[in-house]
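Text of the file my_file_15.cif, holding mmCIF, C-alpha atoms (C1' of nucleotides):
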data_target
loop_
_atom_site.label_atom_id
_atom_site.label_comp_id
_atom_site.auth_asym_id
_atom_site.auth_seq_id
_atom_site.Cartn_x
_atom_site.Cartn_y
_atom_site.Cartn_z
CA MET P 1 0.00 0.00 0.00
CA THR P 2 1.20 3.47 -0.83
CA ALA P 3 -1.35 5.71 0.88
CA GLN P 4 -0.16 7.01 4.22
CA LYS P 5 -2.50 6.72 7.10
CA THR P 6 -0.86 9.04 9.59
CA GLY P 7 -3.13 10.14 12.38
CA SER P 8 -5.82 7.60 11.73
CA THR P 9 -8.28 7.07 14.57
CA ASP P 10 -11.39 5.06 15.22
CA ALA P 11 -13.52 8.09 14.48
CA SER P 12 -11.83 8.82 11.19
CA ASP P 13 -11.83 5.18 10.12
CA HIS P 14 -15.52 5.07 10.75
CA LEU P 15 -16.29 8.15 8.71
CA VAL P 16 -14.10 6.91 5.87
CA GLU P 17 -16.07 3.68 5.94
CA GLU P 18 -19.41 5.43 5.78
CA PHE P 19 -18.26 7.71 3.01
CA ARG P 20 -16.98 4.79 0.96
CA ALA P 21 -20.31 3.09 1.38
CA PHE P 22 -22.04 6.20 0.09
CA LEU P 23 -19.70 6.45 -2.88
CA GLY P 24 -20.25 2.81 -3.78
CA LYS P 25 -24.00 3.17 -3.59
CA GLU P 26 -23.86 6.17 -5.89
CA GLY P 27 -21.55 4.58 -8.41
CA LEU P 28 -18.75 6.94 -7.47
CA LYS P 29 -15.19 5.98 -6.81
CA ALA P 30 -13.16 5.80 -3.66
CA THR P 31 -9.81 7.50 -4.10
CA ARG P 32 -6.66 8.06 -2.12
CA GLN P 33 -7.46 11.80 -1.92
CA ARG P 34 -11.00 11.31 -0.70
CA ASP P 35 -9.90 8.91 2.00
CA LEU P 36 -7.25 11.33 3.13
CA ILE P 37 -9.51 14.36 3.17
CA VAL P 38 -12.25 12.56 5.06
CA ARG P 39 -9.80 11.16 7.57
CA VAL P 40 -8.27 14.55 8.29
CA PHE P 41 -11.70 16.14 8.43
CA ALA P 42 -12.98 13.59 10.94
CA ASP P 43 -10.08 14.16 13.28
CA CYS P 44 -9.82 17.92 13.32
CA LYS P 45 -11.79 20.26 15.47
CA ASP P 46 -15.32 21.15 14.50
CA HIS P 47 -16.34 24.11 12.38
CA ILE P 48 -13.25 24.00 10.23
CA GLY P 49 -12.93 26.26 7.22
CA VAL P 50 -11.80 25.01 3.83
CA GLU P 51 -8.57 26.97 4.02
CA ASP P 52 -7.58 25.32 7.29
CA LEU P 53 -8.61 21.89 6.12
CA VAL P 54 -6.55 22.23 2.95
CA GLN P 55 -3.51 23.13 5.05
CA LEU P 56 -3.92 20.03 7.20
CA VAL P 57 -4.45 17.82 4.18
CA LYS P 58 -1.43 19.24 2.41
CA GLN P 59 0.73 18.30 5.39
CA GLN P 60 0.11 14.71 4.40
CA ASP P 61 -0.09 15.13 0.64
CA ALA P 62 1.00 18.46 -0.75
CA ALA P 63 -0.38 17.68 -4.19
CA VAL P 64 -4.04 17.74 -3.16
CA GLY P 65 -5.73 20.85 -4.48
CA TYR P 66 -8.50 23.13 -3.27
CA ALA P 67 -10.91 21.87 -5.89
CA THR P 68 -10.74 18.32 -4.63
CA VAL P 69 -11.29 19.39 -1.06
CA TYR P 70 -14.29 21.48 -2.06
CA ARG P 71 -15.68 18.64 -4.14
CA THR P 72 -15.19 16.11 -1.38
CA LEU P 73 -16.83 18.31 1.23
CA LYS P 74 -19.80 18.81 -1.05
CA LEU P 75 -20.13 15.06 -1.39
CA LEU P 76 -19.86 14.59 2.35
CA VAL P 77 -22.72 16.99 2.83
CA GLN P 78 -24.76 15.22 0.15
CA ALA P 79 -24.05 11.96 1.92
CA GLY P 80 -25.44 13.44 5.10
CA LEU P 81 -22.10 12.90 6.82
CA ALA P 82 -21.22 16.56 7.26
CA SER P 83 -22.97 19.89 7.44
CA VAL P 84 -22.06 23.38 6.33
CA ARG P 85 -22.44 26.53 8.35
CA HIS P 86 -22.07 30.15 7.37
CA PHE P 87 -21.25 32.33 10.33
CA GLY P 88 -21.26 35.53 8.35
CA ASP P 89 -17.50 35.97 8.16
CA GLY P 90 -17.43 35.24 4.48
CA PHE P 91 -16.45 31.60 4.30
CA ALA P 92 -18.11 28.28 4.98
CA ARG P 93 -17.31 26.04 7.95
CA PHE P 94 -17.89 22.31 7.98
CA GLU P 95 -18.44 19.82 10.73
CA PRO P 96 -18.98 16.08 10.76
CA ARG P 97 -22.61 15.29 11.38
CA HIS P 98 -23.23 14.59 15.03
CA GLU P 99 -25.70 12.10 16.33
CA GLU P 100 -27.48 14.69 18.40
CA HIS P 101 -28.47 18.00 16.95
CA HIS P 102 -26.90 21.13 18.38
CA ASP P 103 -26.67 24.85 17.75
CA HIS P 104 -23.83 27.32 18.23
CA MET P 105 -22.66 30.14 20.44
CA ILE P 106 -19.98 32.34 18.90
CA CYS P 107 -17.71 34.69 20.84
CA GLU P 108 -17.57 37.97 18.95
CA LYS P 109 -14.20 38.83 20.47
CA CYS P 110 -12.04 35.70 20.28
CA GLY P 111 -14.03 33.70 17.76
CA THR P 112 -14.51 30.69 20.01
CA ILE P 113 -17.41 28.52 18.95
CA ALA P 114 -19.29 26.48 21.54
CA GLU P 115 -22.25 24.21 21.12
CA PHE P 116 -25.55 24.15 22.93
CA HIS P 117 -28.77 22.27 22.86
CA ASN P 118 -32.06 23.09 24.50
CA GLU P 119 -34.99 20.79 23.97
CA LYS P 120 -37.52 23.36 25.07
CA ILE P 121 -36.38 25.75 22.38
CA GLU P 122 -36.61 23.00 19.79
CA GLU P 123 -40.21 22.35 20.82
CA LEU P 124 -41.14 26.01 20.73
CA GLN P 125 -39.73 26.33 17.23
CA GLU P 126 -41.89 23.45 16.06
CA GLU P 127 -44.87 25.13 17.64
CA VAL P 128 -44.20 28.50 16.03
CA VAL P 129 -43.92 26.93 12.62
CA ARG P 130 -46.91 24.62 12.98
CA SER P 131 -49.19 27.35 14.27
CA ARG P 132 -48.55 29.30 11.09
CA GLY P 133 -49.25 26.36 8.81
CA TRP P 134 -45.62 25.79 7.86
CA THR P 135 -43.51 22.65 7.98
CA LEU P 136 -40.10 22.78 9.64
CA ARG P 137 -37.27 21.05 7.82
CA ARG P 138 -34.22 22.53 9.49
CA HIS P 139 -33.15 25.57 11.40
CA ARG P 140 -30.22 27.71 12.27
CA HIS P 141 -29.88 29.18 15.71
CA GLU P 142 -26.76 31.09 16.61
CA LEU P 143 -26.05 33.12 19.71
CA TYR P 144 -23.39 35.80 19.36
CA GLY P 145 -21.83 37.36 22.41
CA LEU P 146 -18.86 37.11 24.71
CA CYS P 147 -17.39 33.95 26.18
CA PRO P 148 -16.37 33.78 29.85
CA ASN P 149 -12.74 34.62 28.99
CA CYS P 150 -13.61 37.72 27.00
CA ARG P 151 -16.29 39.30 29.16
CA MET Y 1 -34.88 71.39 -6.74
CA THR Y 2 -33.72 68.71 -9.17
CA ALA Y 3 -34.00 65.51 -7.14
CA GLN Y 4 -37.14 63.56 -7.90
CA LYS Y 5 -39.15 62.25 -5.02
CA THR Y 6 -41.35 59.71 -6.74
CA GLY Y 7 -42.93 57.23 -4.37
CA SER Y 8 -42.09 59.15 -1.24
CA THR Y 9 -44.01 58.05 1.86
CA ASP Y 10 -44.10 58.96 5.51
CA ALA Y 11 -41.98 55.94 6.30
CA SER Y 12 -39.33 56.78 3.77
CA ASP Y 13 -39.28 60.46 4.67
CA HIS Y 14 -38.71 59.47 8.26
CA LEU Y 15 -35.79 57.17 7.48
CA VAL Y 16 -34.23 59.76 5.21
CA GLU Y 17 -34.47 62.24 8.06
CA GLU Y 18 -32.83 59.91 10.53
CA PHE Y 19 -30.08 59.04 8.10
CA ARG Y 20 -29.37 62.68 7.36
CA ALA Y 21 -29.13 63.33 11.08
CA PHE Y 22 -26.59 60.51 11.38
CA LEU Y 23 -24.57 61.82 8.45
CA GLY Y 24 -24.49 65.34 9.89
CA LYS Y 25 -23.40 64.08 13.28
CA GLU Y 26 -20.55 62.12 11.66
CA GLY Y 27 -19.39 64.98 9.45
CA LEU Y 28 -20.57 63.13 6.35
CA LYS Y 29 -22.57 64.61 3.54
CA ALA Y 30 -26.13 64.21 2.46
CA THR Y 31 -26.36 63.61 -1.26
CA ARG Y 32 -29.02 63.13 -3.86
CA GLN Y 33 -28.01 59.47 -4.30
CA ARG Y 34 -28.10 58.69 -0.60
CA ASP Y 35 -31.52 60.23 -0.21
CA LEU Y 36 -32.81 58.27 -3.16
CA ILE Y 37 -31.33 54.95 -2.04
CA VAL Y 38 -32.64 55.32 1.49
CA ARG Y 39 -36.08 56.33 0.28
CA VAL Y 40 -36.36 53.36 -2.04
CA PHE Y 41 -34.99 51.05 0.63
CA ALA Y 42 -37.51 52.24 3.21
CA ASP Y 43 -40.45 51.62 0.91
CA CYS Y 44 -39.62 48.24 -0.56
CA LYS Y 45 -40.36 44.90 1.00
CA ASP Y 46 -38.11 43.61 3.73
CA HIS Y 47 -35.09 41.39 3.23
CA ILE Y 48 -34.16 42.96 -0.07
CA GLY Y 49 -30.94 41.98 -1.78
CA VAL Y 50 -28.51 44.51 -3.20
CA GLU Y 51 -29.23 43.42 -6.75
CA ASP Y 52 -32.96 44.05 -6.35
CA LEU Y 53 -32.41 47.33 -4.59
CA VAL Y 54 -30.10 48.56 -7.32
CA GLN Y 55 -32.77 47.77 -9.92
CA LEU Y 56 -35.38 49.76 -8.03
CA VAL Y 57 -33.01 52.66 -7.54
CA LYS Y 58 -32.03 52.67 -11.20
CA GLN Y 59 -35.67 53.04 -12.17
CA GLN Y 60 -35.48 56.49 -10.68
CA ASP Y 61 -31.89 57.31 -11.51
CA ALA Y 62 -30.11 55.00 -13.92
CA ALA Y 63 -26.74 56.52 -13.19
CA VAL Y 64 -26.49 55.27 -9.61
CA GLY Y 65 -23.92 52.48 -9.37
CA TYR Y 66 -23.57 49.35 -7.28
CA ALA Y 67 -20.73 50.81 -5.26
CA THR Y 68 -22.82 53.68 -4.00
CA VAL Y 69 -25.64 51.37 -3.00
CA TYR Y 70 -23.23 49.10 -1.14
CA ARG Y 71 -21.60 52.07 0.55
CA THR Y 72 -24.92 53.57 1.56
CA LEU Y 73 -26.22 50.29 2.96
CA LYS Y 74 -23.07 49.92 5.00
CA LEU Y 75 -23.59 53.38 6.42
CA LEU Y 76 -27.22 52.62 7.20
CA VAL Y 77 -26.12 49.59 9.17
CA GLN Y 78 -23.47 51.62 11.00
CA ALA Y 79 -26.14 54.18 11.79
CA GLY Y 80 -28.23 51.42 13.33
CA LEU Y 81 -31.02 52.12 10.85
CA ALA Y 82 -30.77 48.85 8.97
CA SER Y 83 -29.53 45.33 9.53
CA VAL Y 84 -27.92 42.73 7.30
CA ARG Y 85 -28.85 39.08 7.09
CA HIS Y 86 -27.12 36.21 5.35
CA PHE Y 87 -29.52 33.40 4.57
CA GLY Y 88 -26.89 31.14 3.12
CA ASP Y 89 -27.83 31.70 -0.51
CA GLY Y 90 -24.70 33.68 -1.15
CA PHE Y 91 -25.85 37.25 -0.94
CA ALA Y 92 -26.73 39.68 1.81
CA ARG Y 93 -30.24 40.92 2.49
CA PHE Y 94 -31.05 44.15 4.22
CA GLU Y 95 -34.02 45.36 6.17
CA PRO Y 96 -34.82 48.63 7.88
CA ARG Y 97 -34.44 48.31 11.61
CA HIS Y 98 -37.75 47.52 13.23
CA GLU Y 99 -38.81 48.67 16.63
CA GLU Y 100 -39.50 45.14 17.81
CA HIS Y 101 -37.03 42.35 17.30
CA HIS Y 102 -38.04 39.40 15.12
CA ASP Y 103 -36.58 36.31 13.51
CA HIS Y 104 -37.25 34.63 10.17
CA MET Y 105 -38.93 31.63 8.61
CA ILE Y 106 -37.77 30.86 5.09
CA CYS Y 107 -39.62 28.65 2.61
CA GLU Y 108 -37.09 26.36 0.95
CA LYS Y 109 -39.28 25.95 -2.11
CA CYS Y 110 -40.57 29.39 -3.06
CA GLY Y 111 -38.19 31.54 -1.06
CA THR Y 112 -40.89 33.37 0.87
CA ILE Y 113 -39.60 34.95 4.04
CA ALA Y 114 -41.92 35.43 7.00
CA GLU Y 115 -41.19 36.88 10.40
CA PHE Y 116 -41.84 35.47 13.82
CA HIS Y 117 -41.27 36.36 17.40
CA ASN Y 118 -41.55 34.22 20.47
CA GLU Y 119 -40.74 35.74 23.81
CA LYS Y 120 -40.32 32.39 25.50
CA ILE Y 121 -37.59 31.42 23.06
CA GLU Y 122 -35.86 34.74 23.66
CA GLU Y 123 -35.85 34.06 27.39
CA LEU Y 124 -34.54 30.53 26.99
CA GLN Y 125 -31.69 31.79 24.83
CA GLU Y 126 -30.70 34.22 27.53
CA GLU Y 127 -30.80 31.42 30.05
CA VAL Y 128 -28.65 29.08 27.94
CA VAL Y 129 -26.02 31.73 27.50
CA ARG Y 130 -26.05 32.93 31.09
CA SER Y 131 -25.81 29.44 32.52
CA ARG Y 132 -22.58 28.94 30.60
CA GLY Y 133 -21.05 32.18 31.75
CA TRP Y 134 -21.44 33.95 28.42
CA THR Y 135 -23.00 37.29 27.58
CA LEU Y 136 -25.53 37.48 24.76
CA ARG Y 137 -25.15 40.39 22.37
CA ARG Y 138 -27.26 39.27 19.44
CA HIS Y 139 -28.56 36.16 17.84
CA ARG Y 140 -29.70 34.65 14.61
CA HIS Y 141 -32.58 32.26 14.54
CA GLU Y 142 -33.89 31.02 11.23
CA LEU Y 143 -36.44 28.31 10.55
CA TYR Y 144 -36.25 26.69 7.12
CA GLY Y 145 -39.13 24.64 5.80
CA LEU Y 146 -42.21 24.85 3.64
CA CYS Y 147 -44.81 27.59 3.69
CA PRO Y 148 -48.53 26.75 3.56
CA ASN Y 149 -48.64 27.21 -0.21
CA CYS Y 150 -45.73 24.87 -0.89
CA ARG Y 151 -46.51 22.00 1.48
"C1'" DT T 1 -11.31 -0.11 -20.99
"C1'" DT T 2 -14.58 2.65 -19.44
"C1'" DT T 3 -16.12 5.95 -16.27
"C1'" DA T 4 -15.11 9.02 -12.91
"C1'" DG T 5 -11.57 11.93 -10.30
"C1'" DT T 6 -7.68 15.06 -10.05
"C1'" DG T 7 -5.02 19.34 -10.43
"C1'" DC T 8 -4.48 23.34 -12.49
"C1'" DA T 9 -5.83 27.59 -14.02
"C1'" DA T 10 -9.58 30.28 -15.52
"C1'" DA T 11 -14.28 31.72 -14.53
"C1'" DA T 12 -17.99 33.06 -11.66
"C1'" DT T 13 -20.09 35.40 -7.67
"C1'" DG T 14 -20.82 38.88 -4.36
"C1'" DT T 15 -18.50 42.65 -2.42
"C1'" DT T 16 -14.81 46.17 -1.84
"C1'" DT T 17 -11.57 49.60 -3.36
"C1'" DG T 18 -8.43 52.98 -6.12
"C1'" DC T 19 -8.83 56.84 -8.70
"C1'" DA T 20 -10.17 60.86 -11.51
"C1'" DC T 21 -13.88 63.72 -11.47
"C1'" DC T 22 -17.90 65.82 -9.20
"C1'" DT T 23 -20.75 67.98 -5.48
"C1'" DC T 24 -22.13 69.14 -0.99
"C1'" DT T 25 -21.16 72.41 2.78
"C1'" DA O 1 -12.03 75.99 -1.58
"C1'" DG O 2 -11.92 71.75 0.53
"C1'" DA O 3 -13.65 67.49 2.52
"C1'" DG O 4 -16.12 63.99 1.19
"C1'" DG O 5 -18.98 61.31 -2.60
"C1'" DT O 6 -19.68 59.15 -7.03
"C1'" DG O 7 -19.14 55.96 -10.95
"C1'" DC O 8 -16.38 53.10 -13.22
"C1'" DA O 9 -13.41 49.43 -13.61
"C1'" DA O 10 -10.18 46.72 -11.45
"C1'" DA O 11 -9.28 44.12 -7.33
"C1'" DC O 12 -10.74 40.77 -3.86
"C1'" DA O 13 -12.02 36.44 -1.56
"C1'" DT O 14 -14.40 32.37 -1.83
"C1'" DT O 15 -16.19 28.83 -4.51
"C1'" DT O 16 -17.07 26.56 -9.03
"C1'" DT O 17 -15.91 24.77 -13.52
"C1'" DG O 18 -13.53 23.35 -18.11
"C1'" DC O 19 -10.12 20.53 -19.62
"C1'" DA O 20 -6.25 17.39 -20.41
"C1'" DC O 21 -4.48 13.81 -17.83
"C1'" DT O 22 -4.70 10.00 -14.33
"C1'" DA O 23 -6.59 6.28 -11.74
"C1'" DA O 24 -10.38 3.41 -9.93
"C1'" DA O 25 -13.54 -0.36 -11.19
#

Whole structure, structure tokens version:
Amino acid sequence: MTAQKTGSTDASDHLVEEFRAFLGKEGLKATRQRDLIVRVFADCKDHIGVEDLVQLVKQQDAAVGYATVYRTLKLLVQAGLASVRHFGDGFARFEPRHEEHHDHMICEKCGTIAEFHNEKIEELQEEVVRSRGWTLRRHRHELYGLCPNCR
Amino acid sequence: MTAQKTGSTDASDHLVEEFRAFLGKEGLKATRQRDLIVRVFADCKDHIGVEDLVQLVKQQDAAVGYATVYRTLKLLVQAGLASVRHFGDGFARFEPRHEEHHDHMICEKCGTIAEFHNEKIEELQEEVVRSRGWTLRRHRHELYGLCPNCR
DNA sequence: TTTAGTGCAAAATGTTTGCACCTCT
DNA sequence: AGAGGTGCAAACATTTTGCACTAAA
């Protein structure tokens, strides 16, 4: 085998597996680059931007280009294995899809991103939507403020 | 006077007034273009994109350029008279600042945008943030789904 | 061997900016 | 007169795409 597997973990192996399954099902091909990108993506911190991800990937294979990373992330999202977020700073952030849904708190000073979940809010959202005759498919709920360190 | 005032309303006159006050206070100048842009902005439907706004403005003065519209909107936001929203479709939407805060419901099929407000959700947000030692400055809460017509 | 993927560079998109000229104050 | 504004086109930043070449299946 020629592909390196530096930094592989259970989590990344698992995501690579799932992604390969998706590719197979869709008649798409598994490639060295896709495996690498997905593995790096699975192991890095959440809410990573493409720029940062490319840097990490290039540490293991300098030949991988932006286009491939963009294309792979798009496929991951289509596969339901990742989700995109736009926090209004101009570029997209990606995170592996978590089992449990969560929303985000963003520190406007240091940029820290934390996660939160509140079941009551989720229920109220449903209620708001239903009472107006709409159907809820997804939502985005972001709280911007100052984290404990920056207050 | 040379500036046209087609379509002027109480609402638009009021916003123009406020904006002029802001400009004066900041040592900036009131201009024909700024008046026009603000007037059109105040009278059109909420959540307008720059593209659409430019079209409306050009109907009254074809010489006004994109740059001026962008610059004026930025000033309006700085003045606290308008706010920007990014709904993830790539371009910014603007709306005049309302007295009462509200959030948005977006139809994923026809693009309709409705507004909602739920005080209980607002309180729960505050609680989430406070319990983690954060301070809430602003938030974004968007519900994506299907409107009654598109279900 | 056929179909899809890759890397590059060019294009596209939404937004900002440099500059010569114009216009408020 | 002088500070600031405008319109244009060029610059930007992020993301997408066309194409010749390469690699899975």

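Interatomic distance, CA of Thr9 in chain Y to CA of Asp43 in chain Y: 7.4 Å.
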
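Put simply, the PyMOL selection byres ((chain Y and resi 73-82) around 9) in this file takes in Leu15, Glu18, Phe19, Phe22, Leu23, Ile37, Val38, Val50, Thr68, Val69, Tyr70, Arg71, Thr72, Ser83, Val84, Phe94, Glu95, Pro96, Arg97 and His98 of chain Y.
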
With a cut-off of 9 Å, could you pull out the residues of chain Y touching chain T and give me the nearest pair of atoms for each, distance in Å to one decimal, using all atoms listed in the file, ordered by chain and ascending number, as JSON lines?
{"residue": "Y:Lys29", "atom": "CA", "partner": "T:DC24", "partner_atom": "C1'", "distance": 6.4}
{"residue": "Y:Ala30", "atom": "CA", "partner": "T:DC24", "partner_atom": "C1'", "distance": 7.2}
{"residue": "Y:Thr31", "atom": "CA", "partner": "T:DC24", "partner_atom": "C1'", "distance": 7.0}
{"residue": "Y:Ala67", "atom": "CA", "partner": "T:DT16", "partner_atom": "C1'", "distance": 8.3}
{"residue": "Y:Tyr70", "atom": "CA", "partner": "T:DT15", "partner_atom": "C1'", "distance": 8.1}
{"residue": "Y:Gly90", "atom": "CA", "partner": "T:DG14", "partner_atom": "C1'", "distance": 7.2}
{"residue": "Y:Phe91", "atom": "CA", "partner": "T:DG14", "partner_atom": "C1'", "distance": 6.3}
{"residue": "Y:Ala92", "atom": "CA", "partner": "T:DG14", "partner_atom": "C1'", "distance": 8.6}

Inset, instruction - Identify all chain O residues at most 8 Å from chain P by counting all atoms listed in the file; ligands do not count. Present them as number ranges by chain. - result: O: 14-15, 24-25

Inset, instruction - May I have the residues of chain P within 7 Å of chain Y, counting all atoms listed in the file, written as a ChimeraX atom specification? - result: /P:86,88,121,124,133-148

Legend entry - Gap from CA of Glu119 in chain Y to CA of Thr112 in chain P - Å, one decimal: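 One can read the CA of Glu119 in chain Y to CA of Thr112 in chain P distance as 27.0 Å.
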
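Separating C1' of DA20 in chain O from CA of Arg34 in chain P is a distance of 21.2 Å.
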